[in-house]
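Q: Input protein32.cif, format and content: mmCIF, C-alpha atoms.
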```
data_data
#
loop_
_atom_site.label_atom_id
_atom_site.label_comp_id
_atom_site.auth_asym_id
_atom_site.auth_seq_id
_atom_site.Cartn_x
_atom_site.Cartn_y
_atom_site.Cartn_z
CA MET S 920 -137.01 9.60 12.86
CA ALA S 921 -135.29 12.17 10.71
CA ARG S 922 -131.98 11.77 12.65
CA VAL S 923 -131.60 8.04 11.96
CA PRO S 924 -130.93 8.29 8.20
CA THR S 925 -128.44 11.09 8.88
CA ARG S 926 -126.48 8.89 11.31
CA TRP S 927 -126.51 5.99 8.84
CA ALA S 928 -125.41 8.29 6.03
CA ALA S 929 -122.45 9.41 8.17
CA ARG S 930 -121.52 5.77 8.88
CA ILE S 931 -121.71 4.89 5.20
CA LEU S 932 -119.54 7.87 4.29
CA LEU S 933 -116.99 6.91 6.95
CA GLY S 934 -117.01 3.31 5.70
CA CYS S 935 -116.42 4.45 2.11
CA ALA S 936 -113.53 6.68 3.20
CA LEU S 937 -111.87 3.80 5.08
CA LEU S 938 -112.34 1.35 2.20
CA ALA S 939 -111.23 3.71 -0.57
CA PRO S 940 -107.50 2.88 -0.45
CA PHE S 941 -108.20 -0.86 -0.67
CA THR S 942 -110.51 -0.34 -3.62
CA LEU S 943 -107.74 1.56 -5.40
CA VAL S 944 -105.19 -1.19 -4.75
CA ALA S 945 -107.60 -3.84 -5.98
CA ALA S 946 -108.26 -1.89 -9.17
CA ASP S 947 -104.55 -1.55 -9.94
CA GLN S 948 -103.52 -4.74 -11.74
CA GLY S 949 -99.94 -3.95 -10.95
CA LYS S 950 -100.47 -4.82 -7.28
CA THR S 951 -101.71 -7.82 -5.38
CA PRO S 952 -105.48 -7.40 -5.14
CA ALA S 953 -106.80 -6.75 -1.62
CA LYS S 954 -109.65 -9.18 -2.22
CA PRO S 955 -109.52 -12.36 -4.30
CA ALA S 956 -110.33 -11.78 -7.95
CA ALA S 957 -113.10 -13.70 -9.64
CA GLY S 958 -112.04 -16.69 -11.73
CA ARG S 959 -109.35 -19.26 -11.21
CA VAL S 960 -105.77 -18.77 -10.09
CA PHE S 961 -102.94 -20.19 -12.24
CA GLN S 962 -99.42 -20.33 -10.87
CA ILE S 963 -96.19 -19.70 -12.78
CA THR S 964 -93.06 -20.68 -10.90
CA VAL S 965 -89.97 -18.49 -11.22
CA ASP S 966 -86.85 -20.55 -10.52
CA LYS S 967 -83.18 -20.50 -11.52
CA VAL S 968 -83.64 -17.18 -13.33
CA SER S 969 -86.40 -18.59 -15.60
CA PHE S 970 -90.17 -18.29 -15.90
CA GLU S 971 -91.91 -21.66 -16.02
CA ASP S 972 -94.08 -22.11 -19.14
CA ALA S 973 -97.53 -20.61 -18.58
CA PRO S 974 -100.39 -23.08 -18.08
CA THR S 975 -103.04 -23.41 -20.78
CA GLY S 976 -106.78 -22.80 -20.39
CA ILE S 977 -106.53 -19.25 -19.02
CA LYS S 978 -109.71 -17.21 -19.55
CA PRO S 979 -110.45 -13.49 -19.06
CA GLY S 980 -110.94 -12.82 -15.35
CA ASP S 981 -108.50 -15.55 -14.30
CA THR S 982 -105.49 -14.65 -12.19
CA ILE S 983 -101.82 -15.41 -12.78
CA GLU S 984 -99.78 -15.86 -9.63
CA TRP S 985 -96.01 -15.74 -10.08
CA VAL S 986 -94.21 -17.69 -7.35
CA ASN S 987 -90.59 -16.57 -7.04
CA LYS S 988 -88.47 -19.42 -5.69
CA ASP S 989 -85.24 -17.58 -6.47
CA ILE S 990 -83.27 -15.58 -3.92
CA PHE S 991 -83.15 -12.77 -6.50
CA GLU S 992 -85.80 -10.13 -7.12
CA HIS S 993 -87.52 -10.31 -10.50
CA THR S 994 -90.26 -8.43 -12.32
CA SER S 995 -93.08 -9.56 -14.56
CA THR S 996 -93.40 -6.81 -17.13
CA SER S 997 -95.82 -6.89 -20.04
CA ARG S 998 -94.18 -5.91 -23.34
CA THR S 999 -97.27 -3.86 -24.18
CA GLY S 1000 -97.55 -2.08 -20.83
CA LEU S 1001 -100.53 -4.07 -19.51
CA TRP S 1002 -98.81 -4.89 -16.22
CA ASP S 1003 -95.48 -4.35 -14.49
CA VAL S 1004 -95.03 -5.96 -11.09
CA THR S 1005 -92.03 -6.61 -8.87
CA ILE S 1006 -91.74 -10.17 -7.56
CA PRO S 1007 -89.50 -10.03 -4.47
CA ALA S 1008 -87.31 -13.04 -3.66
CA GLY S 1009 -89.37 -15.85 -2.15
CA LYS S 1010 -92.69 -14.01 -2.67
CA LYS S 1011 -95.85 -14.39 -4.78
CA VAL S 1012 -97.51 -11.68 -6.87
CA ARG S 1013 -100.88 -11.81 -8.67
CA VAL S 1014 -102.19 -10.10 -11.79
CA VAL S 1015 -105.71 -10.52 -13.22
CA MET S 1016 -105.81 -11.27 -16.95
CA LYS S 1017 -108.63 -9.11 -18.26
CA LYS S 1018 -108.40 -9.45 -22.02
CA ILE S 1019 -108.30 -12.23 -24.59
CA GLY S 1020 -104.99 -12.41 -26.45
CA THR S 1021 -101.39 -13.57 -26.43
CA PHE S 1022 -99.28 -11.54 -24.03
CA GLU S 1023 -95.50 -11.54 -23.93
CA TYR S 1024 -93.68 -10.49 -20.81
CA TYR S 1025 -90.14 -10.33 -19.43
CA CYS S 1026 -88.11 -9.44 -16.35
CA LYS S 1027 -86.79 -5.86 -16.47
CA LEU S 1028 -83.89 -6.77 -14.18
CA HIS S 1029 -82.87 -9.84 -16.21
CA PRO S 1030 -84.25 -9.23 -19.73
CA ASN S 1031 -83.20 -12.72 -20.88
CA MET S 1032 -86.10 -14.05 -18.76
CA THR S 1033 -89.18 -14.10 -21.00
CA GLY S 1034 -92.63 -15.70 -21.03
CA THR S 1035 -95.92 -15.79 -22.93
CA ILE S 1036 -99.45 -16.01 -21.55
CA VAL S 1037 -102.35 -17.01 -23.80
CA VAL S 1038 -105.83 -15.92 -22.66
CA ARG S 1039 -108.75 -17.40 -24.64
CA MET N 472 -54.65 -23.27 -12.66
CA SER N 473 -52.89 -22.73 -15.92
CA ARG N 474 -50.92 -19.53 -16.23
CA ARG N 475 -52.44 -19.12 -19.68
CA LEU N 476 -55.97 -19.13 -18.22
CA GLY N 477 -55.08 -16.57 -15.56
CA MET N 478 -53.36 -14.28 -18.00
CA ALA N 479 -56.17 -14.51 -20.53
CA MET N 480 -58.74 -13.62 -17.84
CA ALA N 481 -56.69 -10.62 -16.71
CA VAL N 482 -56.08 -9.40 -20.24
CA LEU N 483 -59.72 -9.89 -21.17
CA SER N 484 -60.88 -8.06 -18.08
CA MET N 485 -58.90 -5.06 -19.21
CA SER N 486 -59.44 -5.23 -22.95
CA THR N 487 -62.58 -7.36 -23.11
CA VAL N 488 -61.53 -8.39 -26.59
CA GLY N 489 -60.51 -11.80 -27.79
CA LEU N 490 -61.25 -15.35 -26.83
CA PHE N 491 -61.11 -16.90 -23.42
CA ALA N 492 -58.33 -19.40 -23.11
CA GLN N 493 -59.38 -22.90 -23.93
CA GLY N 494 -57.46 -26.07 -23.46
CA GLY N 495 -54.47 -26.23 -21.17
CA ASP N 496 -54.91 -27.21 -17.53
CA LYS N 497 -58.49 -27.46 -16.36
CA PRO N 498 -59.26 -25.50 -13.18
CA THR N 499 -60.23 -27.61 -10.17
CA ASP N 500 -63.59 -27.24 -8.40
CA PRO N 501 -62.07 -25.26 -5.47
CA GLN N 502 -60.39 -22.95 -8.00
CA ILE N 503 -63.61 -22.56 -10.00
CA ALA N 504 -65.50 -21.69 -6.81
CA HIS N 505 -62.86 -19.07 -5.99
CA ILE N 506 -62.96 -17.53 -9.48
CA ALA N 507 -66.78 -17.32 -9.49
CA TYR N 508 -66.87 -15.88 -5.98
CA THR N 509 -64.15 -13.34 -6.82
CA ALA N 510 -65.92 -12.26 -10.00
CA GLY N 511 -69.08 -11.58 -7.99
CA THR N 512 -67.26 -9.73 -5.21
CA LEU N 513 -65.47 -7.50 -7.73
CA ASP N 514 -68.76 -6.53 -9.36
CA VAL N 515 -70.16 -5.64 -5.92
CA LEU N 516 -67.13 -3.36 -5.37
CA ALA N 517 -67.73 -1.72 -8.75
CA ALA N 518 -71.40 -1.20 -7.85
CA GLN N 519 -70.49 0.31 -4.48
CA GLN N 520 -68.23 2.77 -6.28
CA ALA N 521 -71.11 3.67 -8.62
CA LEU N 522 -73.45 4.19 -5.65
CA LYS N 523 -70.93 6.63 -4.17
CA MET N 524 -70.29 8.52 -7.37
CA SER N 525 -73.41 8.47 -9.53
CA LYS N 526 -76.57 10.53 -9.24
CA ASN N 527 -78.18 8.92 -12.30
CA LYS N 528 -81.36 7.08 -11.24
CA ASP N 529 -80.97 4.24 -13.77
CA VAL N 530 -77.28 3.75 -12.99
CA ARG N 531 -77.94 3.67 -9.26
CA ALA N 532 -80.82 1.20 -9.68
CA PHE N 533 -78.58 -1.05 -11.76
CA ALA N 534 -75.77 -0.81 -9.20
CA GLU N 535 -78.14 -1.65 -6.35
CA GLN N 536 -79.31 -4.70 -8.28
CA MET N 537 -75.70 -5.81 -8.83
CA VAL N 538 -75.02 -5.60 -5.08
CA GLY N 539 -78.17 -7.60 -4.26
CA ASP N 540 -77.82 -10.26 -6.95
CA HIS N 541 -74.09 -10.89 -6.63
CA GLU N 542 -74.18 -10.99 -2.83
CA ALA N 543 -77.08 -13.46 -3.03
CA VAL N 544 -75.36 -15.77 -5.52
CA ASN N 545 -72.09 -15.56 -3.58
CA LYS N 546 -73.93 -16.62 -0.44
CA MET N 547 -75.26 -19.62 -2.38
CA ALA N 548 -71.69 -20.39 -3.47
CA LEU N 549 -70.35 -20.20 0.08
CA ASP N 550 -73.19 -22.35 1.42
CA LEU N 551 -72.48 -24.95 -1.28
CA CYS N 552 -68.74 -24.93 -0.52
CA LYS N 553 -69.56 -25.48 3.15
CA LYS N 554 -71.93 -28.33 2.32
CA LEU N 555 -69.38 -29.97 0.03
CA ASN N 556 -66.56 -29.29 2.47
CA VAL N 557 -64.67 -27.44 -0.27
CA THR N 558 -62.30 -24.57 0.50
CA PRO N 559 -62.17 -22.10 -2.42
CA ALA N 560 -58.57 -21.97 -3.67
CA ASP N 561 -56.96 -18.71 -4.75
CA ASN N 562 -55.33 -18.86 -8.15
CA ASP N 563 -53.83 -16.79 -10.96
CA THR N 564 -57.20 -16.15 -12.63
CA SER N 565 -58.74 -14.77 -9.42
CA LYS N 566 -55.64 -12.65 -8.83
CA GLY N 567 -55.70 -11.37 -12.43
CA LEU N 568 -59.37 -10.46 -12.14
CA ALA N 569 -58.81 -8.60 -8.87
CA LYS N 570 -55.84 -6.69 -10.28
CA ALA N 571 -57.72 -5.67 -13.43
CA ALA N 572 -60.77 -4.62 -11.42
CA GLU N 573 -58.64 -2.51 -9.09
CA ALA N 574 -57.11 -0.73 -12.11
CA LYS N 575 -60.59 -0.13 -13.55
CA ARG N 576 -61.87 1.32 -10.26
CA ALA N 577 -58.88 3.71 -10.16
CA GLU N 578 -59.59 4.73 -13.75
CA LEU N 579 -63.28 5.36 -13.01
CA ALA N 580 -62.46 7.30 -9.84
CA LYS N 581 -60.95 10.03 -12.01
CA LEU N 582 -64.29 10.59 -13.76
CA ASP N 583 -67.54 12.15 -12.58
CA GLY N 584 -71.07 12.90 -13.72
CA ALA N 585 -72.19 11.56 -17.08
CA ALA N 586 -68.64 10.50 -18.00
CA PHE N 587 -68.50 8.22 -14.95
CA ASP N 588 -71.98 6.81 -15.63
CA LYS N 589 -71.11 6.00 -19.22
CA ALA N 590 -67.77 4.40 -18.33
CA TYR N 591 -69.23 2.38 -15.45
CA ILE N 592 -72.07 0.94 -17.55
CA ALA N 593 -69.75 0.25 -20.49
CA ASN N 594 -67.43 -1.64 -18.17
CA GLU N 595 -70.37 -3.59 -16.72
CA VAL N 596 -71.31 -4.75 -20.23
CA ALA N 597 -67.71 -5.74 -20.96
CA TYR N 598 -67.11 -7.34 -17.55
CA HIS N 599 -70.24 -9.49 -17.67
CA LYS N 600 -69.43 -10.49 -21.25
CA THR N 601 -65.97 -11.64 -20.11
CA VAL N 602 -67.22 -13.53 -17.08
CA ASN N 603 -70.04 -15.14 -19.08
CA GLY N 604 -67.55 -16.25 -21.72
CA ALA N 605 -65.37 -17.76 -19.00
CA LEU N 606 -68.33 -19.55 -17.43
CA GLU N 607 -69.52 -20.97 -20.74
CA THR N 608 -66.21 -22.07 -22.20
CA VAL N 609 -64.05 -22.99 -19.22
CA LEU N 610 -65.63 -22.92 -15.76
CA ILE N 611 -68.89 -24.83 -16.37
CA PRO N 612 -67.31 -27.49 -18.64
CA SER N 613 -64.47 -27.95 -16.12
CA ALA N 614 -66.64 -28.29 -13.00
CA THR N 615 -66.85 -31.90 -11.87
CA ASN N 616 -69.33 -31.61 -9.00
CA ALA N 617 -72.94 -31.63 -10.28
CA GLU N 618 -74.20 -29.13 -7.68
CA LEU N 619 -71.36 -26.71 -8.44
CA LYS N 620 -72.03 -27.07 -12.17
CA SER N 621 -75.74 -26.36 -11.59
CA LEU N 622 -74.98 -23.26 -9.50
CA LEU N 623 -72.60 -21.99 -12.17
CA GLN N 624 -75.32 -22.53 -14.80
CA THR N 625 -77.78 -20.48 -12.71
CA GLY N 626 -75.04 -17.87 -12.28
CA LEU N 627 -74.51 -17.76 -16.04
CA LYS N 628 -78.24 -17.16 -16.65
CA LEU N 629 -78.24 -14.44 -14.00
CA PHE N 630 -75.12 -12.72 -15.37
CA GLN N 631 -76.41 -12.94 -18.96
CA GLY N 632 -79.45 -11.07 -17.63
CA HIS N 633 -77.13 -8.48 -16.08
CA GLN N 634 -75.30 -8.10 -19.38
CA GLN N 635 -78.56 -7.44 -21.23
CA HIS N 636 -79.74 -5.05 -18.52
CA ALA N 637 -76.41 -3.18 -18.75
CA GLU N 638 -76.71 -3.03 -22.53
CA HIS N 639 -80.17 -1.42 -22.14
CA ALA N 640 -78.83 0.98 -19.49
CA ALA N 641 -75.94 1.92 -21.81
CA MET N 642 -78.48 3.35 -24.26
CA SER N 643 -79.91 5.66 -21.60
CA VAL N 644 -76.51 7.05 -20.47
CA LYS N 645 -75.25 7.93 -23.96
#
```
Would you put the structure from the file into structure tokens?

A:
Amino acid sequence: MARVPTRWAARILLGCALLAPFTLVAADQGKTPAKPAAGRVFQITVDKVSFEDAPTGIKPGDTIEWVNKDIFEHTSTSRTGLWDVTIPAGKKVRVVMKKIGTFEYYCKLHPNMTGTIVVR
Amino acid sequence: MSRRLGMAMAVLSMSTVGLFAQGGDKPTDPQIAHIAYTAGTLDVLAAQQALKMSKNKDVRAFAEQMVGDHEAVNKMALDLCKKLNVTPADNDTSKGLAKAAEAKRAELAKLDGAAFDKAYIANEVAYHKTVNGALETVLIPSATNAELKSLLQTGLKLFQGHQQHAEHAAMSVK
């Protein structure tokens, strides 16, 4: 009987070790989460070197998904350092909005591209 | 293509001061396509020179972006020309741009280290300013085909972004 818990403990430890990298990625709001975040997902299209206006009704815990329709790479970079993600050409990138507030962001590669997200 | 337009583009490319020629003969769509394509190709050549000569991380990142963005927009331009069955037509403005860019590359080749970085980024600011001025005042208003006009407008937004990015990079290579 005493050997069973030991074996299970080893399995749990192994499982934790294998899952650790994914947990780290999910915790980093600069990367696409490995598992879907709680809350709703709102899309912002990036097209012709412009960010589409952000949708309204975003709440803490909701996710913004930038959809890059351009053939150029862009970034979504918070002006206050909350997030900084690269959006490759033709790809989608997600960031979870954790706080209430008005957040301005821009593209580091094309700083004339700007946007504002309001979380209430 | 008016000789005045070609000369103004060449002079501006070298001095980057003054106003882009307005009035005179309007460039045709095939000429506009050639000028826009040439302007992109020349910036790729400048970036390739920077990638050979610079060790500065910010300068290299900027140069890599210029290669990627300009090659991408030039591919869009070629695809559009193919779709519209338009053959880009060489002209005095394209020739003037190429000549000025060649002179600038020779000038930069004599520099190295921080002096090269500073001169390359300063020229990128000036070059994009010149091309953006040309797009705004002559090329976009002169384009007759709606799809070409739209592509030029996207190009202008992209190059205005490059100009701002170069202006930020200029502060870090002082």

Q: Which residues match the PyMOL selection byres ((chain N) within 12 of (chain S)) in the file above, as a ChimeraX atom specification?

A: /N:529,532-547,621-640

Q: Can you pull out every residue within 12 Å of region 588-593 of chain N, counting only C-alpha atoms, but drop anything in the same chain fewer than 6 positions away, and send it as a PDB file with C-alpha atoms, keeping the file's coordinate frame?

A:
```
ATOM      1  CA  SER N 486     -59.440  -5.230 -22.950  1.00  0.00           C
ATOM      2  CA  THR N 487     -62.580  -7.360 -23.110  1.00  0.00           C
ATOM      3  CA  ASP N 514     -68.760  -6.530  -9.360  1.00  0.00           C
ATOM      4  CA  LEU N 516     -67.130  -3.360  -5.370  1.00  0.00           C
ATOM      5  CA  ALA N 517     -67.730  -1.720  -8.750  1.00  0.00           C
ATOM      6  CA  ALA N 518     -71.400  -1.200  -7.850  1.00  0.00           C
ATOM      7  CA  GLN N 519     -70.490   0.310  -4.480  1.00  0.00           C
ATOM      8  CA  GLN N 520     -68.230   2.770  -6.280  1.00  0.00           C
ATOM      9  CA  ALA N 521     -71.110   3.670  -8.620  1.00  0.00           C
ATOM     10  CA  LEU N 522     -73.450   4.190  -5.650  1.00  0.00           C
ATOM     11  CA  LYS N 523     -70.930   6.630  -4.170  1.00  0.00           C
ATOM     12  CA  MET N 524     -70.290   8.520  -7.370  1.00  0.00           C
ATOM     13  CA  SER N 525     -73.410   8.470  -9.530  1.00  0.00           C
ATOM     14  CA  LYS N 526     -76.570  10.530  -9.240  1.00  0.00           C
ATOM     15  CA  ASN N 527     -78.180   8.920 -12.300  1.00  0.00           C
ATOM     16  CA  LYS N 528     -81.360   7.080 -11.240  1.00  0.00           C
ATOM     17  CA  ASP N 529     -80.970   4.240 -13.770  1.00  0.00           C
ATOM     18  CA  VAL N 530     -77.280   3.750 -12.990  1.00  0.00           C
ATOM     19  CA  ARG N 531     -77.940   3.670  -9.260  1.00  0.00           C
ATOM     20  CA  ALA N 532     -80.820   1.200  -9.680  1.00  0.00           C
ATOM     21  CA  PHE N 533     -78.580  -1.050 -11.760  1.00  0.00           C
ATOM     22  CA  ALA N 534     -75.770  -0.810  -9.200  1.00  0.00           C
ATOM     23  CA  MET N 537     -75.700  -5.810  -8.830  1.00  0.00           C
ATOM     24  CA  ALA N 572     -60.770  -4.620 -11.420  1.00  0.00           C
ATOM     25  CA  LYS N 575     -60.590  -0.130 -13.550  1.00  0.00           C
ATOM     26  CA  ARG N 576     -61.870   1.320 -10.260  1.00  0.00           C
ATOM     27  CA  ALA N 577     -58.880   3.710 -10.160  1.00  0.00           C
ATOM     28  CA  GLU N 578     -59.590   4.730 -13.750  1.00  0.00           C
ATOM     29  CA  LEU N 579     -63.280   5.360 -13.010  1.00  0.00           C
ATOM     30  CA  ALA N 580     -62.460   7.300  -9.840  1.00  0.00           C
ATOM     31  CA  LYS N 581     -60.950  10.030 -12.010  1.00  0.00           C
ATOM     32  CA  LEU N 582     -64.290  10.590 -13.760  1.00  0.00           C
ATOM     33  CA  HIS N 599     -70.240  -9.490 -17.670  1.00  0.00           C
ATOM     34  CA  LYS N 600     -69.430 -10.490 -21.250  1.00  0.00           C
ATOM     35  CA  HIS N 633     -77.130  -8.480 -16.080  1.00  0.00           C
ATOM     36  CA  GLN N 634     -75.300  -8.100 -19.380  1.00  0.00           C
ATOM     37  CA  GLN N 635     -78.560  -7.440 -21.230  1.00  0.00           C
ATOM     38  CA  HIS N 636     -79.740  -5.050 -18.520  1.00  0.00           C
ATOM     39  CA  ALA N 637     -76.410  -3.180 -18.750  1.00  0.00           C
ATOM     40  CA  GLU N 638     -76.710  -3.030 -22.530  1.00  0.00           C
ATOM     41  CA  HIS N 639     -80.170  -1.420 -22.140  1.00  0.00           C
ATOM     42  CA  ALA N 640     -78.830   0.980 -19.490  1.00  0.00           C
ATOM     43  CA  ALA N 641     -75.940   1.920 -21.810  1.00  0.00           C
ATOM     44  CA  MET N 642     -78.480   3.350 -24.260  1.00  0.00           C
ATOM     45  CA  SER N 643     -79.910   5.660 -21.600  1.00  0.00           C
ATOM     46  CA  VAL N 644     -76.510   7.050 -20.470  1.00  0.00           C
ATOM     47  CA  LYS N 645     -75.250   7.930 -23.960  1.00  0.00           C
TER      48      LYS N 645
END
```

Q: For Thr994 (chain S), find every residue with an atom within 12 Å (counting only C-alpha atoms), except residues of its own chain fewer than 6 positions away, and show them as a PyMOL selection string.

A: chain S and resi 949-950+965+968-970+985-987+1002-1008+1010-1013+1024-1034

Q: Store the residues picked out above, limited to C-alpha atoms, as a short mmCIF file (atom, residue, chain, number, x, y, z; two decimals), in the frame of the given file.

A:
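After the write, result_7.cif holds the following:
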```cif
data_model
loop_
_atom_site.label_atom_id
_atom_site.label_comp_id
_atom_site.auth_asym_id
_atom_site.auth_seq_id
_atom_site.Cartn_x
_atom_site.Cartn_y
_atom_site.Cartn_z
CA GLY S 949 -99.94 -3.95 -10.95
CA LYS S 950 -100.47 -4.82 -7.28
CA VAL S 965 -89.97 -18.49 -11.22
CA VAL S 968 -83.64 -17.18 -13.33
CA SER S 969 -86.40 -18.59 -15.60
CA PHE S 970 -90.17 -18.29 -15.90
CA TRP S 985 -96.01 -15.74 -10.08
CA VAL S 986 -94.21 -17.69 -7.35
CA ASN S 987 -90.59 -16.57 -7.04
CA TRP S 1002 -98.81 -4.89 -16.22
CA ASP S 1003 -95.48 -4.35 -14.49
CA VAL S 1004 -95.03 -5.96 -11.09
CA THR S 1005 -92.03 -6.61 -8.87
CA ILE S 1006 -91.74 -10.17 -7.56
CA PRO S 1007 -89.50 -10.03 -4.47
CA ALA S 1008 -87.31 -13.04 -3.66
CA LYS S 1010 -92.69 -14.01 -2.67
CA LYS S 1011 -95.85 -14.39 -4.78
CA VAL S 1012 -97.51 -11.68 -6.87
CA ARG S 1013 -100.88 -11.81 -8.67
CA TYR S 1024 -93.68 -10.49 -20.81
CA TYR S 1025 -90.14 -10.33 -19.43
CA CYS S 1026 -88.11 -9.44 -16.35
CA LYS S 1027 -86.79 -5.86 -16.47
CA LEU S 1028 -83.89 -6.77 -14.18
CA HIS S 1029 -82.87 -9.84 -16.21
CA PRO S 1030 -84.25 -9.23 -19.73
CA ASN S 1031 -83.20 -12.72 -20.88
CA MET S 1032 -86.10 -14.05 -18.76
CA THR S 1033 -89.18 -14.10 -21.00
CA GLY S 1034 -92.63 -15.70 -21.03
#
```

Q: Got a sec to resolve the PyMOL selection byres ((chain S and resi 981) around 6) on this structure and send the residues as a ChimeraX atom specification?

A: /S:958-960,978-980,982,1015-1016

Q: Run the PyMOL selection byres ((chain N and resi 605-620) around 8) mentally over the shown coordinates, then write out the matched residues as a ChimeraX atom specification, using the chain letters and numbers from the document.

A: /N:480,491-493,497-500,503-504,551,601-604,621-624,627

Q: Name the closest residue to Thr1035 (chain S) among the candidates S:His993, S:Lys1018, S:Gly976, S:Arg998; distances are taken between atoms, counting all atoms listed in the file.

A: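 Closest to Thr1035 (chain S) of all the choices is S:Arg998.
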
Q: Would you compute the distance between CA of Phe961 (chain S) and CA of Leu1001 (chain S)? Give it in Å to one decimal.

A: 17.8 Å

Q: What does the distance from CA of Gln502 (chain N) to CA of Glu595 (chain N) come to in Å, to one decimal?

A: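 Atom-to-atom, CA of Gln502 (chain N) to CA of Glu595 (chain N), that is 23.5 Å.
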
Q: Distance CA of Pro559 (chain N)-CA of Ala510 (chain N), one decimal place?

A: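 Distance reported for this atom pair: 13.0 Å.
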
Q: Just need the box for region 980-983 of chain S, edges along x, y and z, holding every atom the file lists for it with 6 Å tacked onto each side, so centre and edge lengths in Å to one decimal, as AutoDock Vina command-line options.

A:
```
--center_x -106.4 --center_y -14.2 --center_z -13.8 --size_x 21.1 --size_y 14.7 --size_z 15.2
```
